[in-house]
file data_33.txt (compact mmCIF, C-alpha atoms)
# COMPACT_ATOMS: atom_id res chain seq x y z
CA MET A 498 -20.60 52.89 110.39
CA VAL A 499 -21.12 52.36 106.67
CA SER A 500 -17.91 51.53 104.84
CA ALA A 501 -17.02 53.32 101.61
CA PRO A 502 -17.90 51.46 98.43
CA ILE A 503 -15.08 49.51 96.85
CA ILE A 504 -14.17 51.01 93.48
CA PRO A 505 -12.97 48.31 91.08
CA PRO A 506 -9.47 48.92 89.71
CA ILE A 507 -9.04 49.90 86.08
CA VAL A 508 -6.41 47.89 84.22
CA VAL A 509 -4.74 48.87 80.94
CA ARG A 510 -4.53 45.71 78.83
CA GLU A 511 -1.28 45.76 76.85
CA VAL A 512 -1.71 44.37 73.35
CA TRP A 513 1.18 42.96 71.32
CA GLU A 514 1.40 40.84 68.19
CA GLU A 515 1.22 37.59 70.19
CA ASN A 516 -2.06 38.40 72.01
CA LEU A 517 -3.68 40.61 69.36
CA GLU A 518 -6.27 38.08 68.18
CA TYR A 519 -7.26 37.22 71.76
CA GLU A 520 -7.73 40.86 72.75
CA LEU A 521 -9.65 41.73 69.58
CA ASN A 522 -12.01 38.85 70.36
CA LEU A 523 -12.63 40.35 73.81
CA ILE A 524 -13.40 43.68 72.17
CA ARG A 525 -15.73 41.98 69.66
CA ARG A 526 -17.69 40.49 72.56
CA SER A 527 -17.86 43.86 74.36
CA VAL A 528 -18.84 46.46 71.76
CA ARG A 529 -22.58 45.82 71.74
CA ARG A 530 -22.90 46.43 75.46
CA PHE A 531 -20.29 49.21 75.46
CA PRO A 532 -21.02 51.21 72.29
CA ILE A 533 -19.06 54.38 73.12
CA ALA A 534 -15.39 54.29 72.11
CA SER A 535 -12.70 56.82 72.92
CA VAL A 536 -9.35 56.63 71.17
CA ASP A 537 -5.95 58.23 71.57
CA THR A 538 -2.78 57.83 69.55
CA GLU A 539 0.88 58.29 70.38
CA PHE A 540 3.17 59.08 67.46
CA PRO A 541 6.68 60.51 66.89
CA GLY A 542 5.66 64.16 67.13
CA THR A 543 5.63 66.30 64.01
CA VAL A 544 8.41 67.13 61.56
CA PHE A 545 6.44 69.49 59.33
CA ASN A 546 5.26 72.59 61.17
CA THR A 547 4.09 76.13 60.62
CA LYS A 548 4.96 79.53 62.04
CA HIS A 549 1.29 80.50 62.03
CA ALA A 550 -0.95 80.11 65.06
CA PHE A 551 -3.14 77.03 64.72
CA SER A 552 -6.18 79.13 65.62
CA SER A 553 -5.58 81.21 62.50
CA LEU A 554 -5.61 78.24 60.11
CA SER A 555 -8.64 77.04 58.21
CA PRO A 556 -9.79 73.41 58.38
CA THR A 557 -8.19 72.74 55.00
CA GLN A 558 -4.90 74.34 56.07
CA LEU A 559 -4.83 72.29 59.27
CA TYR A 560 -5.44 69.14 57.27
CA PHE A 561 -2.61 69.86 54.86
CA LEU A 562 -0.30 70.49 57.81
CA MET A 563 -1.30 67.15 59.34
CA LYS A 564 -1.21 65.07 56.15
CA PRO A 565 2.57 65.08 55.40
CA ASN A 566 3.33 64.25 59.04
CA VAL A 567 0.97 61.28 59.12
CA ASP A 568 2.04 60.09 55.66
CA LEU A 569 5.72 60.09 56.67
CA LEU A 570 5.60 58.93 60.29
CA ASN A 571 4.43 55.71 61.92
CA LEU A 572 2.04 55.09 64.79
CA ILE A 573 3.53 54.04 68.13
CA GLN A 574 0.45 53.33 70.28
CA LEU A 575 -3.32 53.29 69.98
CA GLY A 576 -5.46 53.52 73.11
CA LEU A 577 -9.06 52.32 73.19
CA THR A 578 -11.64 52.73 75.96
CA LEU A 579 -15.14 51.27 75.64
CA SER A 580 -18.05 52.51 77.74
CA ASP A 581 -21.78 52.03 78.09
CA PRO A 582 -24.07 55.09 78.04
CA HIS A 583 -23.62 55.48 81.82
CA GLY A 584 -19.82 55.59 81.83
CA ASN A 585 -19.29 51.98 82.90
CA LEU A 586 -16.33 50.09 81.43
CA PRO A 587 -16.07 46.39 80.50
CA THR A 588 -15.25 43.99 83.34
CA LEU A 589 -14.78 40.91 81.14
CA GLY A 590 -16.33 38.82 83.91
CA THR A 591 -13.79 39.88 86.55
CA ASP A 592 -13.62 42.32 89.47
CA SER A 593 -11.69 44.88 87.41
CA HIS A 594 -12.49 47.26 84.58
CA TYR A 595 -10.41 47.32 81.41
CA VAL A 596 -9.12 49.54 78.62
CA TRP A 597 -6.77 48.60 75.79
CA GLN A 598 -3.38 49.80 74.61
CA PHE A 599 -2.09 48.56 71.25
CA ASN A 600 1.69 48.72 70.76
CA PHE A 601 3.07 48.93 67.21
CA ARG A 602 6.44 47.91 65.86
CA ASN A 603 6.72 50.02 62.72
CA PHE A 604 8.48 53.01 64.25
CA ASP A 605 12.24 52.78 64.80
CA PRO A 606 13.76 55.85 66.52
CA ASP A 607 17.20 54.88 65.17
CA ARG A 608 16.01 54.91 61.57
CA ASP A 609 12.83 56.92 61.15
CA ARG A 610 12.35 60.67 61.23
CA HIS A 611 10.79 62.06 64.39
CA ASP A 612 10.69 64.97 66.81
CA PRO A 613 13.43 64.21 69.37
CA GLU A 614 11.56 66.04 72.15
CA ALA A 615 8.45 63.94 71.53
CA ILE A 616 10.42 60.69 71.69
CA SER A 617 12.22 61.80 74.85
CA LEU A 618 8.86 62.56 76.49
CA LEU A 619 7.41 59.19 75.51
CA LYS A 620 10.46 57.43 76.96
CA THR A 621 9.93 59.19 80.29
CA ARG A 622 6.33 57.93 80.21
CA GLY A 623 7.51 54.34 80.00
CA ILE A 624 7.28 53.52 76.30
CA ASP A 625 9.94 50.90 75.49
CA PHE A 626 10.79 51.37 71.83
CA ALA A 627 13.01 48.28 71.71
CA LYS A 628 10.16 46.15 73.03
CA ASN A 629 7.75 47.68 70.54
CA LYS A 630 10.16 46.91 67.70
CA HIS A 631 10.47 43.22 68.62
CA LEU A 632 7.04 42.39 70.07
CA GLY A 633 4.75 45.06 68.65
CA ILE A 634 1.88 44.77 66.19
CA ASP A 635 2.43 45.22 62.46
CA SER A 636 0.29 48.22 61.57
CA GLY A 637 0.06 46.99 57.99
CA SER A 638 -2.10 44.01 58.98
CA PHE A 639 -3.90 45.71 61.87
CA GLY A 640 -6.46 47.63 59.82
CA ALA A 641 -8.42 44.63 58.55
CA LYS A 642 -8.44 43.01 61.98
CA PHE A 643 -9.62 46.26 63.59
CA THR A 644 -12.65 46.53 61.33
CA LYS A 645 -13.59 42.85 61.75
CA CYS A 646 -13.81 43.04 65.55
CA GLY A 647 -16.88 45.26 65.57
CA LEU A 648 -15.10 48.61 65.38
CA GLY A 649 -15.43 49.15 61.64
CA PRO A 650 -18.04 50.57 59.25
CA GLY A 651 -21.62 50.00 60.32
CA SER A 652 -20.70 49.40 63.97
CA GLY A 653 -23.03 52.16 65.18
CA LEU A 654 -20.50 53.24 67.79
CA THR A 655 -20.12 56.75 69.17
CA TRP A 656 -16.50 57.90 68.88
CA ILE A 657 -14.73 60.26 71.30
CA THR A 658 -11.35 61.96 70.90
CA PHE A 659 -9.48 64.90 72.41
CA HIS A 660 -8.19 67.22 69.68
CA GLY A 661 -8.60 64.28 67.38
CA LEU A 662 -7.39 65.32 63.93
CA TYR A 663 -4.15 63.32 64.18
CA ASP A 664 -5.94 60.39 65.85
CA TYR A 665 -8.25 60.02 62.86
CA GLY A 666 -5.39 60.73 60.47
CA TYR A 667 -3.34 57.79 61.73
CA LEU A 668 -6.40 55.55 61.94
CA ILE A 669 -7.41 56.28 58.34
CA LYS A 670 -3.84 55.66 57.18
CA ILE A 671 -3.82 52.27 58.91
CA LEU A 672 -7.34 51.27 57.89
CA THR A 673 -6.85 52.11 54.20
CA GLY A 674 -3.18 51.13 53.97
CA LYS A 675 -2.58 54.26 51.90
CA PRO A 676 -1.35 57.84 52.31
CA LEU A 677 -4.04 60.27 53.32
CA PRO A 678 -6.17 61.76 50.50
CA ASN A 679 -5.06 64.88 48.67
CA CYS A 680 -8.45 66.42 49.41
CA TYR A 681 -9.70 67.43 52.86
CA GLU A 682 -13.31 66.63 51.95
CA MET A 683 -12.28 63.12 50.88
CA PHE A 684 -10.60 62.66 54.27
CA ARG A 685 -13.81 63.70 56.02
CA MET A 686 -15.75 61.26 53.88
CA LEU A 687 -13.40 58.42 54.82
CA VAL A 688 -13.67 59.24 58.52
CA HIS A 689 -17.47 59.14 58.36
CA CYS A 690 -17.34 55.97 56.25
CA TYR A 691 -15.24 54.12 58.84
CA PHE A 692 -16.52 55.74 62.03
CA GLY A 693 -20.03 56.95 61.24
CA MET A 694 -21.54 60.32 62.05
CA ALA A 695 -21.55 60.18 65.88
CA ILE A 696 -18.12 61.74 66.44
CA HIS A 697 -17.39 64.04 69.38
CA ASP A 698 -14.23 65.95 70.22
CA VAL A 699 -13.83 66.72 73.91
CA LYS A 700 -11.54 69.73 73.45
CA PRO A 701 -14.09 71.96 71.67
CA MET A 702 -16.83 70.58 73.92
CA ALA A 703 -14.83 71.91 76.87
CA LYS A 704 -13.98 75.17 75.12
CA ALA A 705 -17.68 75.79 74.46
CA VAL A 706 -18.26 75.89 78.23
CA ARG A 707 -15.11 77.98 78.88
CA LEU A 708 -12.81 75.18 79.95
CA TYR A 709 -9.42 75.60 78.32
CA GLY A 710 -6.09 73.81 78.03
CA GLY A 711 -4.88 70.29 77.38
CA LEU A 712 -6.46 67.06 78.51
CA ASP A 713 -4.80 66.97 81.93
CA LYS A 714 -5.60 70.61 82.70
CA ILE A 715 -9.27 70.22 81.80
CA ALA A 716 -9.49 67.00 83.83
CA LYS A 717 -7.95 68.80 86.82
CA THR A 718 -10.45 71.65 86.47
CA LEU A 719 -13.24 69.06 86.53
CA LYS A 720 -11.62 67.44 89.61
CA LEU A 721 -10.94 64.19 87.80
CA ASN A 722 -7.96 62.01 88.62
CA ARG A 723 -6.16 59.82 86.10
CA ALA A 724 -7.51 56.37 86.97
CA ALA A 725 -4.81 54.23 85.35
CA GLY A 726 -1.47 54.63 83.63
CA LYS A 727 0.43 57.82 82.82
CA SER A 728 -0.13 60.80 80.58
CA HIS A 729 1.10 60.33 77.01
CA GLN A 730 0.36 56.63 77.19
CA ALA A 731 -2.42 55.96 74.71
CA GLY A 732 -4.53 53.64 76.86
CA SER A 733 -4.46 55.99 79.83
CA ASP A 734 -5.20 59.06 77.70
CA SER A 735 -8.13 57.35 75.98
CA LEU A 736 -9.54 56.56 79.43
CA LEU A 737 -9.12 60.12 80.70
CA THR A 738 -10.73 61.40 77.50
CA MET A 739 -13.76 59.22 78.23
CA GLN A 740 -13.88 60.40 81.85
CA VAL A 741 -13.81 64.06 80.77
CA PHE A 742 -16.51 63.42 78.17
CA PHE A 743 -18.92 62.00 80.73
CA GLU A 744 -18.10 64.69 83.26
CA LEU A 745 -18.94 67.34 80.66
CA LEU A 746 -22.22 65.54 79.97
CA ARG A 747 -23.09 65.46 83.65
CA ASN A 748 -22.32 69.11 84.26
CA TYR A 749 -22.89 71.02 81.03
CA TYR A 750 -24.79 69.04 78.42
CA THR A 751 -27.83 66.83 78.06
CA PRO A 752 -27.75 63.76 75.77
CA VAL A 753 -29.87 65.54 73.15
CA ASP A 754 -27.68 68.64 72.84
CA VAL A 755 -24.18 67.15 72.75
CA PRO A 756 -22.72 68.89 69.69
CA LEU A 757 -21.00 67.08 66.87
CA PHE A 758 -17.74 68.88 66.24
CA SER A 759 -15.71 69.22 63.07
CA LEU A 760 -12.85 66.77 62.66
CA TYR A 761 -10.17 69.41 62.33
CA VAL A 762 -10.62 70.99 65.78
call {"tool": "encode", "arguments": {"input": "data_33.txt", "output": "structure tokens"}}
result
Amino acid sequence: MVSAPIIPPIVVREVWEENLEYELNLIRRSVRRFPIASVDTEFPGTVFNTKHAFSSLSPTQLYFLMKPNVDLLNLIQLGLTLSDPHGNLPTLGTDSHYVWQFNFRNFDPDRDRHDPEAISLLKTRGIDFAKNKHLGIDSGSFGAKFTKCGLGPGSGLTWITFHGLYDYGYLIKILTGKPLPNCYEMFRMLVHCYFGMAIHDVKPMAKAVRLYGGLDKIAKTLKLNRAAGKSHQAGSDSLLTMQVFFELLRNYYTPVDVPLFSLYV
């Protein structure tokens, strides 16, 4: 009787200030072989909202709803998953596969504005805000290090998000060290400057083939299980985003017709 193949475990590598340089060096050594990057961010919800349905807003209106939230609030986590064109993840010379989760110290729930429901949800998912505050990465110095590890301009990477407007908003804020631009077109220009033109958003990719809902619902429809971590943890969500992306490619798209979607979707 033939035994079932052993599937290597997937490990979320927790990144703090003390091991940041070491982990970025691992990423630097991995990006050429694994040139597809999916990202996810966790942040303190939103404090500026609208009564209008999001589907009724134009790209510019969506941007100007996002901008004051990102300008005011601070990033809590950034998840990063690297993959090769076949969906394989880095092993780093071990028997496991790895994704990364960067934990930031700049948000303090006792001091900073936030959506209480969002913070309560993140606590139930295991985010330790006291630990982040004392051991987390300073987002102010993270931007330069991020670009120098092979993830910056000219990297040639393909970038994947799920409903990624806020993901790119927080990344641009960190990478530039400034509030977001007062012009939507300037924001788009900055995103393409830092991340290139190969940018895909899984949510509209799924919608185009009549798959609807959030990340977990679409993954369930595609019969995908979360391989590591919990929902609303950035490393785990970046991994599930990558899994859904490749499952959509296998079932609905060919490599030559994967659409490039607008950043606001």
call {"tool": "atom_distance", "arguments": {"input": "data_33.txt", "atom1": "CA of Glu518 in chain A", "atom2": "CA of Ala641 in chain A"}}
result
11.8 Å
call {"tool": "residues_around", "arguments": {"input": "data_33.txt", "residues": "Arg707 in chain A", "least_positions_apart": "4", "cutoff": "12 Å", "atoms": "only C-alpha atoms", "output": "list in words"}}
result
Lys700, Pro701, Met702, Ala703, Ile715, Thr718, Leu719, Leu745 and Tyr749 of chain A
call {"tool": "atom_distance", "arguments": {"input": "data_33.txt", "atom1": "CA of Ser728 in chain A", "atom2": "CA of Phe601 in chain A"}}
result
18.2 Å
call {"tool": "closest_residue", "arguments": {"input": "data_33.txt", "among": "A:Val536, A:Val567, A:Leu575, A:Val528", "to": "Lys645 in chain A", "atoms": "all atoms listed in the file"}}
result
A:Val528
call {"tool": "residues_around", "arguments": {"input": "data_33.txt", "residues": "Lys675 in chain A", "least_positions_apart": "5", "cutoff": "10 Å", "atoms": "only C-alpha atoms", "output": "PyMOL selection string"}}
result
chain A and resi 568+637+669-670
call {"tool": "closest_residue", "arguments": {"input": "data_33.txt", "among": "A:Pro532, A:Gly711, A:Gly666, A:Gly726", "to": "Leu654 in chain A", "atoms": "only C-alpha atoms"}}
result
A:Pro532
call {"tool": "atom_distance", "arguments": {"input": "data_33.txt", "atom1": "CA of Thr591 in chain A", "atom2": "CA of Arg510 in chain A"}}
result
13.4 Å
call {"tool": "axis_aligned_box", "arguments": {"input": "data_33.txt", "around": "range 711-717 of chain A", "padding_each_side": "4 Å", "output": "AutoDock Vina command-line options"}}
result
--center_x -7.1 --center_y 68.8 --center_z 82.1 --size_x 12.7 --size_y 11.6 --size_z 17.4
call {"tool": "closest_residue", "arguments": {"input": "data_33.txt", "among": "A:Ile634, A:Phe692, A:Val741, A:Asn516", "to": "Gly647 in chain A", "atoms": "only C-alpha atoms"}}
result
A:Phe692
call {"tool": "closest_residue", "arguments": {"input": "data_33.txt", "among": "A:Arg747, A:Arg723, A:Lys548, A:His729", "to": "Ser617 in chain A", "atoms": "only C-alpha atoms"}}
result
A:His729
call {"tool": "residues_around", "arguments": {"input": "data_33.txt", "residues": "Phe659 in chain A", "least_positions_apart": "5", "cutoff": "9 Å", "atoms": "all atoms listed in the file", "output": "PyMOL selection string"}}
result
chain A and resi 535-537+664+697-701+711-712+734-735+738
call {"tool": "write_last_selection", "arguments": {"input": "data_33.txt", "atoms": "C-alpha atoms", "output": "PDB file, keeping the file's coordinate frame"}}
result
ATOM      1  CA  SER A 535     -12.700  56.820  72.920  1.00  0.00           C
ATOM      2  CA  VAL A 536      -9.350  56.630  71.170  1.00  0.00           C
ATOM      3  CA  ASP A 537      -5.950  58.230  71.570  1.00  0.00           C
ATOM      4  CA  ASP A 664      -5.940  60.390  65.850  1.00  0.00           C
ATOM      5  CA  HIS A 697     -17.390  64.040  69.380  1.00  0.00           C
ATOM      6  CA  ASP A 698     -14.230  65.950  70.220  1.00  0.00           C
ATOM      7  CA  VAL A 699     -13.830  66.720  73.910  1.00  0.00           C
ATOM      8  CA  LYS A 700     -11.540  69.730  73.450  1.00  0.00           C
ATOM      9  CA  PRO A 701     -14.090  71.960  71.670  1.00  0.00           C
ATOM     10  CA  GLY A 711      -4.880  70.290  77.380  1.00  0.00           C
ATOM     11  CA  LEU A 712      -6.460  67.060  78.510  1.00  0.00           C
ATOM     12  CA  ASP A 734      -5.200  59.060  77.700  1.00  0.00           C
ATOM     13  CA  SER A 735      -8.130  57.350  75.980  1.00  0.00           C
ATOM     14  CA  THR A 738     -10.730  61.400  77.500  1.00  0.00           C
TER      15      THR A 738
END
call {"tool": "residues_around", "arguments": {"input": "data_33.txt", "residues": "range 604-607 of chain A", "least_positions_apart": "2", "cutoff": "10 Å", "atoms": "only C-alpha atoms", "output": "list in words"}}
result
Phe540, Pro541, Leu570, Asn571, Leu572, Ile573, Phe601, Arg602, Asp609, Arg610, His611, Asp612, Pro613, Ile616, Phe626, Ala627, Asn629, Lys630, Gly633 and Ser636 of chain A
call {"tool": "closest_residue", "arguments": {"input": "data_33.txt", "among": "A:Thr578, A:Asn679, A:Gln598, A:Thr655", "to": "Tyr560 in chain A", "atoms": "only C-alpha atoms"}}
result
A:Asn679
call {"tool": "closest_residue", "arguments": {"input": "data_33.txt", "among": "A:Ile524, A:Leu708, A:Ile671, A:Leu677", "to": "Thr588 in chain A", "atoms": "all atoms listed in the file"}}
result
A:Ile524
call {"tool": "residues_near_point", "arguments": {"input": "data_33.txt", "point": "(-6.2, 40.9, 70.6)", "cutoff": "12 Å", "atoms": "only C-alpha atoms", "output": "VMD selection string"}}
result
chain A and resid 510 to 526 597 to 600 633 to 634 639 642 to 643 645 to 646
call {"tool": "residues_around", "arguments": {"input": "data_33.txt", "residues": "His594 in chain A", "least_positions_apart": "2", "cutoff": "8 Å", "atoms": "only C-alpha atoms", "output": "list in words"}}
result
Pro505, Pro506, Ile507, Val508, Leu586, Pro587, Thr588, Leu589, Thr591, Asp592 and Val596 of chain A
call {"tool": "build_atoms", "arguments": {"input": "data_33.txt", "residues": "range 693-705 of chain A", "atoms": "N, CA and C atoms", "output": "mmCIF file, in the frame of the given file"}}
result
data_model
loop_
_atom_site.group_PDB
_atom_site.id
_atom_site.type_symbol
_atom_site.label_atom_id
_atom_site.label_comp_id
_atom_site.auth_asym_id
_atom_site.auth_seq_id
_atom_site.Cartn_x
_atom_site.Cartn_y
_atom_site.Cartn_z
ATOM 1 N N GLY A 693 -18.658 56.486 61.125
ATOM 2 C CA GLY A 693 -20.030 56.950 61.240
ATOM 3 C C GLY A 693 -20.114 58.452 61.466
ATOM 4 N N MET A 694 -21.291 58.896 61.876
ATOM 5 C CA MET A 694 -21.540 60.320 62.050
ATOM 6 C C MET A 694 -21.484 60.764 63.510
ATOM 7 N N ALA A 695 -21.545 59.833 64.448
ATOM 8 C CA ALA A 695 -21.550 60.180 65.880
ATOM 9 C C ALA A 695 -20.114 60.315 66.367
ATOM 10 N N ILE A 696 -19.513 61.472 66.105
ATOM 11 C CA ILE A 696 -18.120 61.740 66.440
ATOM 12 C C ILE A 696 -18.065 63.004 67.286
ATOM 13 N N HIS A 697 -17.488 62.906 68.470
ATOM 14 C CA HIS A 697 -17.390 64.040 69.380
ATOM 15 C C HIS A 697 -15.929 64.306 69.724
ATOM 16 N N ASP A 698 -15.572 65.564 69.793
ATOM 17 C CA ASP A 698 -14.230 65.950 70.220
ATOM 18 C C ASP A 698 -14.341 66.710 71.536
ATOM 19 N N VAL A 699 -13.688 66.186 72.556
ATOM 20 C CA VAL A 699 -13.830 66.720 73.910
ATOM 21 C C VAL A 699 -13.240 68.120 74.043
ATOM 22 N N LYS A 700 -12.175 68.419 73.292
ATOM 23 C CA LYS A 700 -11.540 69.730 73.450
ATOM 24 C C LYS A 700 -12.496 70.875 73.102
ATOM 25 N N PRO A 701 -13.135 70.885 71.926
ATOM 26 C CA PRO A 701 -14.090 71.960 71.670
ATOM 27 C C PRO A 701 -15.344 71.884 72.520
ATOM 28 N N MET A 702 -15.727 70.680 72.965
ATOM 29 C CA MET A 702 -16.830 70.580 73.920
ATOM 30 C C MET A 702 -16.503 71.360 75.184
ATOM 31 N N ALA A 703 -15.252 71.195 75.668
ATOM 32 C CA ALA A 703 -14.830 71.910 76.870
ATOM 33 C C ALA A 703 -14.711 73.406 76.602
ATOM 34 N N LYS A 704 -14.148 73.758 75.461
ATOM 35 C CA LYS A 704 -13.980 75.170 75.120
ATOM 36 C C LYS A 704 -15.319 75.891 75.059
ATOM 37 N N ALA A 705 -16.354 75.184 74.582
ATOM 38 C CA ALA A 705 -17.680 75.790 74.460
ATOM 39 C C ALA A 705 -18.272 76.182 75.804
#
